Amino acid sequence: MTNQSALSKPYLLEASDLTKEDVFRIFAQAQFYMDDYEKGKKYDDLKGLTVALAFFEPSTRTKLSFELAAKRLSADTFSFQASSSSLTKGESLIDTLRTIEAMGVHIYVVRHGNSGAAKFLQENTSGVVVNAGDGKHEHPTQAILDAFTIYRHFSKFEGLRVTIIGDILHSRVARSNIIMLKTLGAEVRLCSPGTLLPRHKNIWEVEYIDNVDDAVEWSDVLLVLRLQHERMKSGIIPSVREFSKYYGVTLEHFSRKPEMILLHPGPVNYGIELEYEVSSYPNCLIETQVTHGVFTRMALLALLARKYK
Ligand code: CP
């Protein structure tokens, strides 16, 4: 463990809970684990603490990486599956929390379909809540690992140009990334069909780029979002095919600018927002993001756990 002090707030609900100094503290701790970790190695940062993984919505990357992170730090962990819980018998969220709390939990990693669910839980527990994605609101740990991936590649944020492309309207990843990347000093722009932008888009004070060609010309980083096409039944875009034609990112885009990097939070809809061939492009860092997710989540948990030390 390096000699880092804890974070500004004793929880993580949204990107604005973290100062620039907090983010770099997490990066330093994550880098320490990356350099030091060997297969099977355990750290004592969370020894004696219990971490509940409460996922009320599906997840692969976030849930597994938090579980691995907590275990590498010697926490006791357990998973709460909404679909096989007493929620299906009508138990409320708050009663579910109290039941879990009575088992002696210290840290809750929560994913929920409702925006604000993580905040609601934090207000009703003396434990530490980490938002692992709440509705369309925020996904702050995704923004941390995305920023860490950018920083490890470019060693800076000042002057870096990042375009977030695709379904901004439904994306908690976009919200957290816009806030965090601007806090860190990057320039952020958005590229999306008008119907996939929030109505009050100027709350972020970001500029817009009309098409992917212009985005490629301007950007050092393309952060491509998953088209949440399960919501397309509502007719927000004319067709998935049309979206793909005008807003899909292809290998040809990268052949024009090989130094540009590509991030995607996953899961990817190949053939819709991203051409499959892009996945083998050297600066396509999707798997690197997943690896960084484990180390940045270890760092976050270790720093938040200082509350109990
Ligand atoms: N990026 C992300 O949140 O992926 P999962 O839904 O698989 O956790």
# chains A, B, ... in the order shown; residues from 1 in each chain; ligands from 1
>>> select_by_dssp(residues="stretch 97-244 of chain A", states="strand (DSSP E or B)", output="number ranges by chain")
A: 107-112, 128-134, 138, 161-165, 187-191, 207-208, 221-224
>>> write_last_selection(atoms="N, CA and C atoms", output="PDB file, in the first residue's frame")
ATOM      1  N   ILE A 107     -19.203  -2.057   2.594  1.00  0.00           N
ATOM      2  CA  ILE A 107     -19.204  -1.355   1.297  1.00  0.00           C
ATOM      3  C   ILE A 107     -20.254  -2.003   0.382  1.00  0.00           C
ATOM      4  N   TYR A 108     -21.091  -1.158  -0.209  1.00  0.00           N
ATOM      5  CA  TYR A 108     -22.098  -1.629  -1.160  1.00  0.00           C
ATOM      6  C   TYR A 108     -21.716  -1.150  -2.555  1.00  0.00           C
ATOM      7  N   VAL A 109     -21.599  -2.074  -3.472  1.00  0.00           N
ATOM      8  CA  VAL A 109     -21.412  -1.719  -4.882  1.00  0.00           C
ATOM      9  C   VAL A 109     -22.763  -1.953  -5.545  1.00  0.00           C
ATOM     10  N   VAL A 110     -23.382  -0.871  -6.012  1.00  0.00           N
ATOM     11  CA  VAL A 110     -24.792  -0.947  -6.400  1.00  0.00           C
ATOM     12  C   VAL A 110     -25.003  -0.581  -7.862  1.00  0.00           C
ATOM     13  N   ARG A 111     -25.687  -1.441  -8.580  1.00  0.00           N
ATOM     14  CA  ARG A 111     -26.202  -1.079  -9.916  1.00  0.00           C
ATOM     15  C   ARG A 111     -27.722  -1.196  -9.864  1.00  0.00           C
ATOM     16  N   HIS A 112     -28.371  -0.167 -10.388  1.00  0.00           N
ATOM     17  CA  HIS A 112     -29.844  -0.151 -10.334  1.00  0.00           C
ATOM     18  C   HIS A 112     -30.384   0.579 -11.560  1.00  0.00           C
ATOM     19  N   VAL A 128     -20.537   2.461   3.074  1.00  0.00           N
ATOM     20  CA  VAL A 128     -20.022   3.196   1.903  1.00  0.00           C
ATOM     21  C   VAL A 128     -20.737   2.670   0.661  1.00  0.00           C
ATOM     22  N   VAL A 129     -21.327   3.573  -0.133  1.00  0.00           N
ATOM     23  CA  VAL A 129     -21.985   3.149  -1.369  1.00  0.00           C
ATOM     24  C   VAL A 129     -21.142   3.582  -2.568  1.00  0.00           C
ATOM     25  N   VAL A 130     -20.951   2.651  -3.484  1.00  0.00           N
ATOM     26  CA  VAL A 130     -20.290   2.946  -4.755  1.00  0.00           C
ATOM     27  C   VAL A 130     -21.313   2.710  -5.860  1.00  0.00           C
ATOM     28  N   ASN A 131     -21.546   3.745  -6.655  1.00  0.00           N
ATOM     29  CA  ASN A 131     -22.498   3.644  -7.755  1.00  0.00           C
ATOM     30  C   ASN A 131     -21.855   2.890  -8.924  1.00  0.00           C
ATOM     31  N   ALA A 132     -22.411   1.728  -9.237  1.00  0.00           N
ATOM     32  CA  ALA A 132     -21.904   0.929 -10.368  1.00  0.00           C
ATOM     33  C   ALA A 132     -22.812   1.095 -11.586  1.00  0.00           C
ATOM     34  N   GLY A 133     -23.545   2.228 -11.622  1.00  0.00           N
ATOM     35  CA  GLY A 133     -24.449   2.515 -12.734  1.00  0.00           C
ATOM     36  C   GLY A 133     -25.873   2.622 -12.232  1.00  0.00           C
ATOM     37  N   ASP A 134     -26.455   3.852 -12.317  1.00  0.00           N
ATOM     38  CA  ASP A 134     -27.854   4.026 -11.894  1.00  0.00           C
ATOM     39  C   ASP A 134     -28.656   4.643 -13.030  1.00  0.00           C
ATOM     40  N   GLU A 138     -25.554   8.073 -13.942  1.00  0.00           N
ATOM     41  CA  GLU A 138     -24.075   8.086 -13.963  1.00  0.00           C
ATOM     42  C   GLU A 138     -23.479   6.687 -13.790  1.00  0.00           C
ATOM     43  N   ARG A 161      -8.168  15.995 -27.032  1.00  0.00           N
ATOM     44  CA  ARG A 161      -9.499  16.162 -27.620  1.00  0.00           C
ATOM     45  C   ARG A 161     -10.222  14.820 -27.662  1.00  0.00           C
ATOM     46  N   VAL A 162     -11.333  14.766 -26.948  1.00  0.00           N
ATOM     47  CA  VAL A 162     -12.106  13.521 -26.850  1.00  0.00           C
ATOM     48  C   VAL A 162     -13.500  13.759 -27.418  1.00  0.00           C
ATOM     49  N   THR A 163     -13.900  12.919 -28.374  1.00  0.00           N
ATOM     50  CA  THR A 163     -15.287  12.980 -28.855  1.00  0.00           C
ATOM     51  C   THR A 163     -16.031  11.733 -28.384  1.00  0.00           C
ATOM     52  N   ILE A 164     -17.177  11.976 -27.765  1.00  0.00           N
ATOM     53  CA  ILE A 164     -18.055  10.882 -27.342  1.00  0.00           C
ATOM     54  C   ILE A 164     -19.116  10.742 -28.434  1.00  0.00           C
ATOM     55  N   ILE A 165     -19.182   9.542 -29.030  1.00  0.00           N
ATOM     56  CA  ILE A 165     -20.027   9.333 -30.211  1.00  0.00           C
ATOM     57  C   ILE A 165     -21.149   8.353 -29.911  1.00  0.00           C
ATOM     58  N   GLU A 187     -10.518  18.424 -23.562  1.00  0.00           N
ATOM     59  CA  GLU A 187     -11.615  19.049 -24.317  1.00  0.00           C
ATOM     60  C   GLU A 187     -12.563  17.941 -24.755  1.00  0.00           C
ATOM     61  N   VAL A 188     -13.851  18.131 -24.525  1.00  0.00           N
ATOM     62  CA  VAL A 188     -14.822  17.079 -24.846  1.00  0.00           C
ATOM     63  C   VAL A 188     -15.850  17.626 -25.833  1.00  0.00           C
ATOM     64  N   ARG A 189     -16.125  16.854 -26.865  1.00  0.00           N
ATOM     65  CA  ARG A 189     -17.222  17.173 -27.780  1.00  0.00           C
ATOM     66  C   ARG A 189     -18.123  15.953 -27.940  1.00  0.00           C
ATOM     67  N   LEU A 190     -19.337  16.187 -28.418  1.00  0.00           N
ATOM     68  CA  LEU A 190     -20.304  15.101 -28.600  1.00  0.00           C
ATOM     69  C   LEU A 190     -20.682  15.003 -30.077  1.00  0.00           C
ATOM     70  N   CYS A 191     -20.900  13.779 -30.537  1.00  0.00           N
ATOM     71  CA  CYS A 191     -21.314  13.540 -31.925  1.00  0.00           C
ATOM     72  C   CYS A 191     -22.444  12.516 -31.891  1.00  0.00           C
ATOM     73  N   GLU A 207     -19.253  21.360 -26.995  1.00  0.00           N
ATOM     74  CA  GLU A 207     -19.600  21.624 -28.390  1.00  0.00           C
ATOM     75  C   GLU A 207     -20.003  20.327 -29.080  1.00  0.00           C
ATOM     76  N   TYR A 208     -20.642  20.488 -30.213  1.00  0.00           N
ATOM     77  CA  TYR A 208     -21.156  19.331 -30.947  1.00  0.00           C
ATOM     78  C   TYR A 208     -20.486  19.222 -32.307  1.00  0.00           C
ATOM     79  N   VAL A 221      -9.060  11.043 -29.209  1.00  0.00           N
ATOM     80  CA  VAL A 221      -9.739   9.875 -28.624  1.00  0.00           C
ATOM     81  C   VAL A 221     -11.180   9.853 -29.127  1.00  0.00           C
ATOM     82  N   LEU A 222     -11.611   8.683 -29.613  1.00  0.00           N
ATOM     83  CA  LEU A 222     -13.038   8.477 -29.870  1.00  0.00           C
ATOM     84  C   LEU A 222     -13.565   7.559 -28.783  1.00  0.00           C
ATOM     85  N   LEU A 223     -14.559   8.030 -28.054  1.00  0.00           N
ATOM     86  CA  LEU A 223     -15.209   7.178 -27.058  1.00  0.00           C
ATOM     87  C   LEU A 223     -16.579   6.827 -27.637  1.00  0.00           C
ATOM     88  N   VAL A 224     -16.696   5.609 -28.140  1.00  0.00           N
ATOM     89  CA  VAL A 224     -17.910   5.187 -28.841  1.00  0.00           C
ATOM     90  C   VAL A 224     -18.838   4.502 -27.843  1.00  0.00           C
TER      91      VAL A 224
END
>>> residues_near_ligand(ligand="ligand 1", cutoff="10 Å", atoms="only C-alpha atoms and all ligand atoms", output="PyMOL selection string")
chain A and resi 55+57-66+111+132-133+139-143+145-146+172-173+225-226+264-268+289-290+293
>>> write_last_selection(atoms="N, CA, C and O atoms", output="CSV table (one decimal), in the first residue's frame")
chain,number,residue,atom,x,y,z
A,55,PHE,N,-26.5,-6.0,-7.5
A,55,PHE,CA,-26.7,-5.7,-8.9
A,55,PHE,C,-28.2,-6.0,-9.2
A,55,PHE,O,-28.6,-7.1,-9.3
A,57,GLU,N,-29.5,-4.8,-12.0
A,57,GLU,CA,-29.5,-4.8,-13.5
A,57,GLU,C,-28.4,-5.7,-13.9
A,57,GLU,O,-27.4,-5.8,-13.2
A,58,PRO,N,-28.4,-6.3,-15.1
A,58,PRO,CA,-27.4,-7.1,-15.6
A,58,PRO,C,-26.0,-6.4,-15.7
A,58,PRO,O,-26.0,-5.2,-16.0
A,59,SER,N,-24.9,-7.2,-15.6
A,59,SER,CA,-23.6,-6.6,-15.7
A,59,SER,C,-22.6,-7.8,-15.9
A,59,SER,O,-22.8,-8.8,-15.3
A,60,THR,N,-21.6,-7.6,-16.8
A,60,THR,CA,-20.5,-8.6,-16.8
A,60,THR,C,-19.3,-7.9,-16.3
A,60,THR,O,-18.7,-8.3,-15.3
A,61,ARG,N,-18.8,-6.8,-17.0
A,61,ARG,CA,-17.5,-6.2,-16.7
A,61,ARG,C,-17.5,-5.6,-15.3
A,61,ARG,O,-16.6,-5.8,-14.5
A,62,THR,N,-18.5,-4.8,-15.0
A,62,THR,CA,-18.5,-4.0,-13.7
A,62,THR,C,-18.6,-5.0,-12.5
A,62,THR,O,-17.8,-4.9,-11.6
A,63,LYS,N,-19.5,-5.9,-12.6
A,63,LYS,CA,-19.7,-6.8,-11.4
A,63,LYS,C,-18.5,-7.7,-11.2
A,63,LYS,O,-17.9,-7.8,-10.1
A,64,LEU,N,-18.0,-8.3,-12.3
A,64,LEU,CA,-16.9,-9.2,-12.1
A,64,LEU,C,-15.6,-8.5,-11.7
A,64,LEU,O,-14.8,-9.0,-10.9
A,65,SER,N,-15.4,-7.3,-12.2
A,65,SER,CA,-14.2,-6.6,-11.9
A,65,SER,C,-14.2,-6.1,-10.4
A,65,SER,O,-13.2,-6.1,-9.7
A,66,PHE,N,-15.4,-5.7,-10.0
A,66,PHE,CA,-15.5,-5.3,-8.5
A,66,PHE,C,-15.3,-6.5,-7.6
A,66,PHE,O,-14.6,-6.4,-6.6
A,111,ARG,N,-25.7,-1.4,-8.6
A,111,ARG,CA,-26.2,-1.1,-9.9
A,111,ARG,C,-27.7,-1.2,-9.9
A,111,ARG,O,-28.3,-2.2,-9.4
A,132,ALA,N,-22.4,1.7,-9.2
A,132,ALA,CA,-21.9,0.9,-10.4
A,132,ALA,C,-22.8,1.1,-11.6
A,132,ALA,O,-22.8,0.2,-12.5
A,133,GLY,N,-23.5,2.2,-11.6
A,133,GLY,CA,-24.4,2.5,-12.7
A,133,GLY,C,-25.9,2.6,-12.2
A,133,GLY,O,-26.4,1.6,-11.7
A,139,HIS,N,-22.2,6.6,-14.2
A,139,HIS,CA,-21.5,5.3,-14.1
A,139,HIS,C,-20.0,5.8,-13.8
A,139,HIS,O,-19.1,5.7,-14.6
A,140,PRO,N,-19.8,6.3,-12.6
A,140,PRO,CA,-18.5,7.0,-12.3
A,140,PRO,C,-17.3,6.1,-12.4
A,140,PRO,O,-16.2,6.6,-12.8
A,141,THR,N,-17.4,4.8,-12.0
A,141,THR,CA,-16.2,4.0,-12.1
A,141,THR,C,-15.8,3.7,-13.5
A,141,THR,O,-14.6,3.4,-13.8
A,142,GLN,N,-16.8,3.7,-14.4
A,142,GLN,CA,-16.4,3.5,-15.8
A,142,GLN,C,-15.6,4.8,-16.3
A,142,GLN,O,-14.6,4.6,-17.0
A,143,ALA,N,-16.0,5.9,-15.8
A,143,ALA,CA,-15.3,7.2,-16.2
A,143,ALA,C,-13.9,7.1,-15.7
A,143,ALA,O,-12.9,7.6,-16.3
A,145,LEU,N,-12.0,4.4,-15.1
A,145,LEU,CA,-11.1,3.5,-15.9
A,145,LEU,C,-10.9,4.0,-17.3
A,145,LEU,O,-9.8,3.8,-17.9
A,146,ASP,N,-11.9,4.7,-17.8
A,146,ASP,CA,-11.7,5.3,-19.2
A,146,ASP,C,-10.6,6.4,-19.1
A,146,ASP,O,-9.7,6.5,-20.0
A,172,ARG,N,-25.4,6.7,-19.2
A,172,ARG,CA,-24.8,7.1,-17.9
A,172,ARG,C,-23.3,7.2,-18.1
A,172,ARG,O,-22.6,8.0,-17.4
A,173,VAL,N,-22.7,6.4,-19.0
A,173,VAL,CA,-21.2,6.5,-19.2
A,173,VAL,C,-20.9,7.9,-19.8
A,173,VAL,O,-19.9,8.5,-19.4
A,225,LEU,N,-20.1,4.9,-27.9
A,225,LEU,CA,-21.1,4.3,-26.9
A,225,LEU,C,-21.9,3.2,-27.6
A,225,LEU,O,-22.2,3.2,-28.8
A,226,ARG,N,-22.4,2.3,-26.7
A,226,ARG,CA,-23.3,1.3,-27.2
A,226,ARG,C,-24.7,2.0,-27.6
A,226,ARG,O,-25.2,2.8,-26.8
A,264,HIS,N,-14.5,2.0,-25.8
A,264,HIS,CA,-15.9,1.7,-25.8
A,264,HIS,C,-16.1,1.0,-24.4
A,264,HIS,O,-15.4,0.1,-24.1
A,265,PRO,N,-17.2,1.4,-23.7
A,265,PRO,CA,-17.4,0.8,-22.4
A,265,PRO,C,-17.8,-0.7,-22.4
A,265,PRO,O,-17.7,-1.4,-21.4
A,266,GLY,N,-18.3,-1.1,-23.6
A,266,GLY,CA,-18.9,-2.5,-23.7
A,266,GLY,C,-20.2,-2.5,-23.0
A,266,GLY,O,-20.5,-1.7,-22.2
A,267,PRO,N,-21.0,-3.5,-23.3
A,267,PRO,CA,-20.8,-4.5,-24.4
A,267,PRO,C,-21.0,-3.8,-25.8
A,267,PRO,O,-21.8,-2.9,-25.9
A,268,VAL,N,-20.2,-4.3,-26.8
A,268,VAL,CA,-20.2,-3.6,-28.1
A,268,VAL,C,-21.3,-4.3,-29.0
A,268,VAL,O,-21.4,-5.5,-29.0
A,289,GLN,N,-9.2,-1.4,-21.4
A,289,GLN,CA,-10.1,-0.8,-20.5
A,289,GLN,C,-10.6,-1.8,-19.4
A,289,GLN,O,-10.7,-1.5,-18.2
A,290,VAL,N,-10.9,-3.0,-19.9
A,290,VAL,CA,-11.4,-4.0,-18.9
A,290,VAL,C,-10.3,-4.3,-17.9
A,290,VAL,O,-10.6,-4.4,-16.7
A,293,GLY,N,-10.1,-1.6,-15.5
A,293,GLY,CA,-11.2,-1.6,-14.6
A,293,GLY,C,-10.9,-2.3,-13.3
A,293,GLY,O,-11.4,-1.9,-12.2
>>> closest_atom_pairs(of="stretch 106-176 of chain A", to="stretch 276-286 of chain A", cutoff="12 Å", atoms="only C-alpha atoms", output="Markdown table")
| residue | atom | partner | partner_atom | distance |
| --- | --- | --- | --- | --- |
| A:Leu145 | CA | A:Ile286 | CA | 10.9 |
| A:Asp146 | CA | A:Ile286 | CA | 9.6 |
| A:Phe148 | CA | A:Leu285 | CA | 11.6 |
| A:Thr149 | CA | A:Leu285 | CA | 7.9 |
| A:Ile150 | CA | A:Leu285 | CA | 9.4 |
| A:Arg152 | CA | A:Leu285 | CA | 11.2 |
| A:His153 | CA | A:Asn283 | CA | 9.6 |
| A:Phe154 | CA | A:Asn283 | CA | 12.0 |
>>> write_last_selection(atoms="N, CA and C atoms", output="CSV table (one decimal), in the first residue's frame")
chain,number,residue,atom,x,y,z
A,145,LEU,N,-12.0,4.4,-15.1
A,145,LEU,CA,-11.1,3.5,-15.9
A,145,LEU,C,-10.9,4.0,-17.3
A,146,ASP,N,-11.9,4.7,-17.8
A,146,ASP,CA,-11.7,5.3,-19.2
A,146,ASP,C,-10.6,6.4,-19.1
A,148,PHE,N,-8.2,6.7,-16.9
A,148,PHE,CA,-7.0,6.0,-16.6
A,148,PHE,C,-6.3,5.5,-17.9
A,149,THR,N,-7.2,4.9,-18.7
A,149,THR,CA,-6.7,4.4,-20.0
A,149,THR,C,-6.2,5.5,-20.9
A,150,ILE,N,-6.9,6.6,-20.9
A,150,ILE,CA,-6.4,7.7,-21.7
A,150,ILE,C,-5.1,8.3,-21.2
A,152,ARG,N,-2.8,6.8,-19.3
A,152,ARG,CA,-1.7,5.9,-19.5
A,152,ARG,C,-1.2,5.9,-21.0
A,153,HIS,N,-2.1,6.2,-21.9
A,153,HIS,CA,-1.7,6.3,-23.3
A,153,HIS,C,-1.0,7.6,-23.7
A,154,PHE,N,-1.5,8.7,-23.2
A,154,PHE,CA,-1.0,10.1,-23.6
A,154,PHE,C,-0.2,10.8,-22.5
>>> closest_residue(among="A:Lys89, A:Arg256, A:Lys47, A:Arg98", to="A:Lys71", atoms="only C-alpha atoms")
A:Lys47
>>> residues_around(residues="A:Val23", least_positions_apart="3", cutoff="12 Å", atoms="only C-alpha atoms", output="short mmCIF file (atom, residue, chain, number, x, y, z; two decimals) with C-alpha atoms, in the first residue's frame")
data_model
loop_
_atom_site.label_atom_id
_atom_site.label_comp_id
_atom_site.auth_asym_id
_atom_site.auth_seq_id
_atom_site.Cartn_x
_atom_site.Cartn_y
_atom_site.Cartn_z
CA ALA A 6 -8.35 8.98 1.48
CA LEU A 7 -10.77 10.69 -0.95
CA SER A 8 -12.77 13.91 -0.48
CA LEU A 12 -18.81 7.55 -4.88
CA ALA A 15 -18.21 11.85 -11.11
CA SER A 16 -18.43 15.26 -9.42
CA ASP A 17 -17.81 13.56 -6.03
CA LEU A 18 -14.17 13.32 -7.10
CA THR A 19 -11.77 16.26 -7.35
CA LYS A 20 -8.92 16.24 -9.83
CA ILE A 26 -6.85 6.72 -7.54
CA PHE A 27 -4.58 6.57 -10.60
CA ALA A 28 -1.45 6.42 -8.41
CA GLN A 29 -2.88 3.62 -6.32
CA ALA A 30 -4.10 1.74 -9.42
CA PRO A 140 -18.51 7.01 -12.32
CA THR A 141 -16.19 4.01 -12.06
CA ALA A 143 -15.30 7.16 -16.22
CA ILE A 144 -12.36 6.51 -13.87
CA LEU A 145 -11.15 3.51 -15.88
CA ASP A 146 -11.69 5.34 -19.18
CA ALA A 147 -9.70 8.35 -17.94
CA PHE A 148 -6.96 6.05 -16.60
CA TYR A 151 -3.85 8.96 -19.23
CA MET A 180 -14.65 13.73 -15.28
CA LEU A 181 -12.72 14.46 -18.48
CA THR A 183 -12.44 18.19 -14.58
CA LEU A 184 -9.15 16.63 -15.67
CA THR A 296 -8.83 1.23 -10.73
CA ARG A 297 -11.63 -0.46 -8.77
CA ALA A 299 -7.66 1.50 -5.90
CA LEU A 300 -11.07 3.06 -5.31
CA LEU A 303 -9.04 4.42 -0.63
#
>>> atom_distance(atom1="atom CA of A:Glu67", atom2="atom CA of A:Leu49")
13.3 Å
>>> closest_residue(among="A:Ala75, A:Glu14, A:Asp95, A:Phe254", to="A:Arg175", atoms="only C-alpha atoms")
A:Glu14
>>> closest_residue(among="A:Ala186, A:Val206, A:Ser86, A:Gly166", to="A:Val249", atoms="only C-alpha atoms")
A:Gly166
>>> residues_around(residues="A:Ser74", least_positions_apart="3", cutoff="8 Å", atoms="only C-alpha atoms", output="list in words")
Lys42, Tyr43, Asp44, Asp45, Leu46, Lys47, Gly48, Ala70 and Lys71 of chain A
>>> write_last_selection(atoms="N, CA, C and O atoms", output="short mmCIF file (atom, residue, chain, number, x, y, z; two decimals), in the first residue's frame")
data_model
loop_
_atom_site.label_atom_id
_atom_site.label_comp_id
_atom_site.auth_asym_id
_atom_site.auth_seq_id
_atom_site.Cartn_x
_atom_site.Cartn_y
_atom_site.Cartn_z
N LYS A 42 -2.44 -11.35 -2.80
CA LYS A 42 -3.52 -10.68 -2.04
C LYS A 42 -2.94 -9.51 -1.27
O LYS A 42 -1.82 -9.59 -0.76
N TYR A 43 -3.73 -8.45 -1.17
CA TYR A 43 -3.38 -7.29 -0.33
C TYR A 43 -4.35 -7.26 0.86
O TYR A 43 -5.43 -7.83 0.79
N ASP A 44 -3.95 -6.55 1.91
CA ASP A 44 -4.75 -6.54 3.15
C ASP A 44 -5.68 -5.34 3.29
O ASP A 44 -6.30 -5.17 4.33
N ASP A 45 -5.78 -4.51 2.26
CA ASP A 45 -6.51 -3.24 2.39
C ASP A 45 -7.95 -3.40 2.88
O ASP A 45 -8.49 -2.52 3.54
N LEU A 46 -8.60 -4.50 2.48
CA LEU A 46 -10.00 -4.70 2.86
C LEU A 46 -10.16 -5.90 3.81
O LEU A 46 -11.27 -6.42 3.97
N LYS A 47 -9.07 -6.29 4.42
CA LYS A 47 -9.15 -7.45 5.33
C LYS A 47 -10.10 -7.12 6.49
O LYS A 47 -10.04 -6.04 7.08
N GLY A 48 -11.01 -8.02 6.79
CA GLY A 48 -11.98 -7.80 7.88
C GLY A 48 -13.22 -7.02 7.44
O GLY A 48 -14.13 -6.81 8.23
N ALA A 70 -12.26 -6.66 -4.99
CA ALA A 70 -12.50 -6.82 -3.55
C ALA A 70 -11.77 -8.06 -3.02
O ALA A 70 -11.17 -8.03 -1.93
N LYS A 71 -11.80 -9.12 -3.79
CA LYS A 71 -11.13 -10.37 -3.35
C LYS A 71 -9.62 -10.21 -3.31
O LYS A 71 -8.96 -10.72 -2.40
#
>>> closest_residue(among="A:Lys136, A:Leu197, A:Phe120, A:Leu13", to="A:Ile237", atoms="only C-alpha atoms")
A:Leu197
>>> residues_around(residues="A:Gly135", least_positions_apart="5", cutoff="9 Å", atoms="only C-alpha atoms", output="PyMOL selection string")
chain A and resi 111-117+170-172
>>> atom_distance(atom1="atom CA of A:Glu205", atom2="atom CA of A:Asn177")
13.5 Å
>>> residues_around(residues="stretch 213-216 of chain A", least_positions_apart="2", cutoff="7 Å", atoms="only C-alpha atoms", output="short mmCIF file (atom, residue, chain, number, x, y, z; two decimals) with N, CA, C and O atoms, in the first residue's frame")
data_model
loop_
_atom_site.label_atom_id
_atom_site.label_comp_id
_atom_site.auth_asym_id
_atom_site.auth_seq_id
_atom_site.Cartn_x
_atom_site.Cartn_y
_atom_site.Cartn_z
N THR A 163 -13.90 12.92 -28.37
CA THR A 163 -15.29 12.98 -28.85
C THR A 163 -16.03 11.73 -28.38
O THR A 163 -15.57 10.61 -28.58
N ILE A 209 -20.33 17.97 -32.74
CA ILE A 209 -19.76 17.73 -34.06
C ILE A 209 -20.83 16.97 -34.84
O ILE A 209 -21.42 16.01 -34.33
N ASN A 211 -20.79 15.14 -37.70
CA ASN A 211 -20.61 13.84 -38.35
C ASN A 211 -19.29 13.20 -37.94
O ASN A 211 -18.38 13.87 -37.43
N TRP A 218 -10.91 15.99 -35.74
CA TRP A 218 -10.68 16.83 -34.55
C TRP A 218 -10.04 16.05 -33.39
O TRP A 218 -9.28 16.62 -32.60
N SER A 219 -10.31 14.73 -33.29
CA SER A 219 -10.10 14.01 -32.02
C SER A 219 -8.75 13.31 -31.88
O SER A 219 -8.16 12.84 -32.85
N HIS A 253 -11.98 4.89 -40.88
CA HIS A 253 -11.78 6.12 -40.08
C HIS A 253 -10.40 6.11 -39.43
O HIS A 253 -9.72 7.14 -39.35
#
>>> select_by_dssp(residues="stretch 17-84 of chain A", states="helix (DSSP H, G or I)", output="ChimeraX atom specification")
/A:17,20-36,61-72,82-84
>>> closest_residue(among="A:Leu160, A:Leu227, A:Ala118, A:Leu304", to="A:Gly271", atoms="only C-alpha atoms")
A:Leu227
>>> closest_residue(among="A:Ile261, A:Ile272, A:Val105, A:Ile94", to="A:Glu123", atoms="only C-alpha atoms")
A:Ile94
